[in-house]
Every structure is written in structure tokens, then in C-alpha cells.
$ cat coords02.cif   # mmCIF, C-alpha atoms
data_my_file
#
loop_
_atom_site.group_PDB
_atom_site.id
_atom_site.type_symbol
_atom_site.label_atom_id
_atom_site.label_comp_id
_atom_site.auth_asym_id
_atom_site.auth_seq_id
_atom_site.Cartn_x
_atom_site.Cartn_y
_atom_site.Cartn_z
ATOM 1 C CA MET H 14 -6.896 4.320 0.719
ATOM 2 C CA LYS H 15 -8.524 1.010 1.558
ATOM 3 C CA ASN H 16 -10.810 0.519 4.529
ATOM 4 C CA ALA H 17 -8.862 -0.858 7.514
ATOM 5 C CA TYR H 18 -11.392 -3.647 7.995
ATOM 6 C CA ASP H 19 -10.893 -4.769 4.379
ATOM 7 C CA VAL H 20 -7.132 -5.115 4.970
ATOM 8 C CA ILE H 21 -7.314 -6.999 8.305
ATOM 9 C CA LYS H 22 -9.613 -10.002 7.875
ATOM 10 C CA ALA H 23 -9.233 -11.938 11.149
ATOM 11 C CA PRO H 24 -6.828 -12.680 13.996
ATOM 12 C CA ILE H 25 -5.031 -16.019 13.863
ATOM 13 C CA LEU H 26 -5.212 -17.890 17.169
ATOM 14 C CA THR H 27 -2.874 -20.887 17.185
ATOM 15 C CA GLU H 28 -0.274 -22.251 19.584
ATOM 16 C CA LYS H 29 2.486 -20.579 17.595
ATOM 17 C CA SER H 30 0.722 -17.216 17.663
ATOM 18 C CA TYR H 31 0.230 -17.512 21.453
ATOM 19 C CA ASP H 32 4.014 -17.912 21.869
ATOM 20 C CA TYR H 33 4.623 -14.690 19.911
ATOM 21 C CA ILE H 34 2.300 -12.616 22.125
ATOM 22 C CA ALA H 35 4.955 -12.578 24.877
ATOM 23 C CA HIS H 36 7.272 -10.833 22.380
ATOM 24 C CA ARG H 37 4.549 -8.271 21.495
ATOM 25 C CA THR H 38 4.007 -9.848 18.063
ATOM 26 C CA TYR H 39 0.443 -10.501 16.883
ATOM 27 C CA THR H 40 -0.720 -12.587 13.910
ATOM 28 C CA PHE H 41 -3.502 -11.633 11.479
ATOM 29 C CA GLU H 42 -4.986 -12.952 8.259
ATOM 30 C CA VAL H 43 -4.869 -10.085 5.769
ATOM 31 C CA ALA H 44 -6.011 -9.326 2.219
ATOM 32 C CA LYS H 45 -3.818 -10.897 -0.469
ATOM 33 C CA ASN H 46 -3.129 -7.582 -2.204
ATOM 34 C CA ALA H 47 -2.314 -5.624 0.994
ATOM 35 C CA ASN H 48 1.250 -4.416 1.469
ATOM 36 C CA LYS H 49 3.150 -3.932 4.751
ATOM 37 C CA ILE H 50 2.453 -0.206 4.975
ATOM 38 C CA GLU H 51 -1.302 -0.712 4.563
ATOM 39 C CA ILE H 52 -1.277 -3.502 7.160
ATOM 40 C CA ALA H 53 0.590 -1.342 9.698
ATOM 41 C CA GLU H 54 -1.778 1.599 9.175
ATOM 42 C CA ALA H 55 -4.836 -0.659 9.491
ATOM 43 C CA VAL H 56 -3.654 -2.201 12.782
ATOM 44 C CA GLU H 57 -2.840 1.236 14.194
ATOM 45 C CA GLU H 58 -6.271 2.545 13.181
ATOM 46 C CA ILE H 59 -8.326 -0.420 14.441
ATOM 47 C CA PHE H 60 -6.544 -1.135 17.745
ATOM 48 C CA GLY H 61 -4.972 2.255 18.560
ATOM 49 C CA VAL H 62 -1.413 0.924 18.948
ATOM 50 C CA LYS H 63 2.002 1.775 17.469
ATOM 51 C CA VAL H 64 3.500 -0.741 15.018
ATOM 52 C CA GLU H 65 7.257 -1.323 14.909
ATOM 53 C CA SER H 66 7.471 -3.845 12.041
ATOM 54 C CA VAL H 67 5.364 -6.096 9.815
ATOM 55 C CA HIS H 68 6.381 -9.433 8.305
ATOM 56 C CA THR H 69 4.131 -11.131 5.749
ATOM 57 C CA VAL H 70 3.816 -14.739 4.588
ATOM 58 C CA ASN H 71 1.961 -15.967 1.491
ATOM 59 C CA LYS H 72 0.491 -19.385 2.252
ATOM 60 C CA LEU H 73 -0.327 -21.465 -0.825
ATOM 61 C CA GLY H 74 -3.462 -23.618 -0.649
ATOM 62 C CA LYS H 75 -3.169 -27.368 -0.199
ATOM 63 C CA ILE H 76 -3.797 -29.775 -3.082
ATOM 64 C CA LYS H 77 -7.040 -31.705 -2.614
ATOM 65 C CA ARG H 78 -8.295 -34.636 -4.713
ATOM 66 C CA GLN H 79 -11.731 -36.012 -5.287
ATOM 67 C CA GLY H 80 -11.671 -38.978 -7.612
ATOM 68 C CA ARG H 81 -9.771 -38.141 -10.793
ATOM 69 C CA THR H 82 -9.937 -34.386 -10.385
ATOM 70 C CA GLN H 83 -7.760 -32.291 -8.146
ATOM 71 C CA GLY H 84 -7.645 -28.680 -7.103
ATOM 72 C CA ARG H 85 -6.363 -26.381 -4.399
ATOM 73 C CA THR H 86 -7.897 -24.879 -1.313
ATOM 74 C CA ALA H 87 -7.848 -21.095 -1.063
ATOM 75 C CA SER H 88 -4.497 -19.349 -0.630
ATOM 76 C CA LYS H 89 -4.041 -16.975 2.320
ATOM 77 C CA LYS H 90 -1.739 -14.212 3.448
ATOM 78 C CA LYS H 91 -0.621 -13.865 7.079
ATOM 79 C CA ALA H 92 0.970 -10.865 8.754
ATOM 80 C CA TYR H 93 3.114 -10.890 11.896
ATOM 81 C CA VAL H 94 2.790 -7.423 13.457
ATOM 82 C CA LYS H 95 5.325 -6.368 16.126
ATOM 83 C CA LEU H 96 4.386 -3.478 18.398
ATOM 84 C CA THR H 97 6.749 -0.854 19.823
ATOM 85 C CA PRO H 98 7.849 -1.317 23.468
ATOM 86 C CA ASP H 99 5.993 1.805 24.628
ATOM 87 C CA SER H 100 2.712 0.830 22.924
ATOM 88 C CA LYS H 101 -0.145 -0.789 24.801
ATOM 89 C CA GLY H 102 -1.107 -4.366 23.943
ATOM 90 C CA ILE H 103 -4.099 -5.522 21.915
ATOM 91 C CA GLU H 104 -6.903 -6.464 24.323
ATOM 92 C CA LEU H 105 -8.296 -9.121 21.981
ATOM 93 C CA PHE H 106 -5.130 -11.219 22.327
ATOM 94 C CA ASP H 107 -4.153 -10.268 25.875
ATOM 95 C CA GLY H 108 -7.314 -11.735 27.374
ATOM 96 C CA ILE H 109 -6.642 -15.074 25.672
ATOM 97 C CA ALA H 110 -2.903 -15.353 26.351
ATOM 98 C CA GLN H 111 -3.099 -14.974 30.113
#
$ encode --input "coords02.cif" --output "C-alpha cells"
Amino acid sequence: MKNAYDVIKAPILTEKSYDYIAHRTYTFEVAKNANKIEIAEAVEEIFGVKVESVHTVNKLGKIKRQGRTQGRTASKKKAYVKLTPDSKGIELFDGIAQ
């Protein structure tokens, strides 16, 4: 099994993610090769909460040009983690959202 801190890289704090906090859904940047089961187990282990569902999004890097050459920025994977109604919230997000 992978280390939980290798699966969950960072929380994503944007206006859209703040709107989801009211619905008990939290957004994280995760490892590209992590699956939904690993993400759910990592969130439960790190924050001590119960996860109801996980939705993932693969975000392709943007095309950047410099002169004649072009390339892409790094691709990322995001996870939307919904907690069960009886679970406590994640303090990291709750302090920011209020």
C-alpha cells in the first residue's frame, strides 16, 4: 500500500472548491496513478473522517509557446471527496470557509 501522504499532494483552495464545502465535498490534488479507493483510504487516514464518494478529474496541461518551440505544462489529477453526513468536517477547510 502507498503512503497516504504520497497519494494526497495538496488541498485545492479556489472559489469553486469553497462552494463545495457547504455540501461536505472537499477538493485535493492527488497522485496521477492513484485510484478512487486509494484516495478514499488516504483521506480517512490523514483527517480521520468517513468518505462517502470520490470523483476524479484528469487535467491536461496547457500548451505554452516560446518562440518556435512549444510544450505543455504539467498535467494534474484532482479528486472531489464527499464525506458522509455523520462524519466530522476537515478542520483545514472549515477554518477557511467560515
$ resolve_selection --input "coords02.cif" --expression "the PyMOL selection byres ((chain H and resi 73) around 12)" --output "VMD selection string"
chain H and resid 45 70 to 72 74 to 76 85 to 91
$ write_last_selection --input "coords02.cif" --atoms "C-alpha atoms" --output "PDB file, keeping the file's coordinate frame"
ATOM      1  CA  LYS H  45      -3.818 -10.897  -0.469  1.00  0.00           C
ATOM      2  CA  VAL H  70       3.816 -14.739   4.588  1.00  0.00           C
ATOM      3  CA  ASN H  71       1.961 -15.967   1.491  1.00  0.00           C
ATOM      4  CA  LYS H  72       0.491 -19.385   2.252  1.00  0.00           C
ATOM      5  CA  GLY H  74      -3.462 -23.618  -0.649  1.00  0.00           C
ATOM      6  CA  LYS H  75      -3.169 -27.368  -0.199  1.00  0.00           C
ATOM      7  CA  ILE H  76      -3.797 -29.775  -3.082  1.00  0.00           C
ATOM      8  CA  ARG H  85      -6.363 -26.381  -4.399  1.00  0.00           C
ATOM      9  CA  THR H  86      -7.897 -24.879  -1.313  1.00  0.00           C
ATOM     10  CA  ALA H  87      -7.848 -21.095  -1.063  1.00  0.00           C
ATOM     11  CA  SER H  88      -4.497 -19.349  -0.630  1.00  0.00           C
ATOM     12  CA  LYS H  89      -4.041 -16.975   2.320  1.00  0.00           C
ATOM     13  CA  LYS H  90      -1.739 -14.212   3.448  1.00  0.00           C
ATOM     14  CA  LYS H  91      -0.621 -13.865   7.079  1.00  0.00           C
TER      15      LYS H  91
END
$ resolve_selection --input "coords02.cif" --expression "the PyMOL selection byres ((chain H and resi 32-39) around 10)" --output "VMD selection string"
chain H and resid 24 to 31 40 to 41 64 to 67 92 to 98 100 to 103 106 to 107 109 to 111
$ resolve_selection --input "coords02.cif" --expression "the PyMOL selection byres ((chain H and resi 19) around 12)" --output "ChimeraX atom specification"
/H:14-18,20-23,42-47,51-52,55-56,59
$ atom_distance --input "coords02.cif" --atom1 "CA of Gly84 (chain H)" --atom2 "CA of His68 (chain H)"
28.4 Å
$ atom_distance --input "coords02.cif" --atom1 "CA of Lys63 (chain H)" --atom2 "CA of Leu105 (chain H)"
15.7 Å
$ atom_distance --input "coords02.cif" --atom1 "CA of Thr69 (chain H)" --atom2 "CA of Ile50 (chain H)"
11.1 Å
$ axis_aligned_box --input "coords02.cif" --around "region 27-44 of chain H" --padding-each-side "3 Å" --output "AutoDock Vina command-line options"
--center_x 0.6 --center_y -15.3 --center_z 13.5 --size_x 19.3 --size_y 20.0 --size_z 28.7
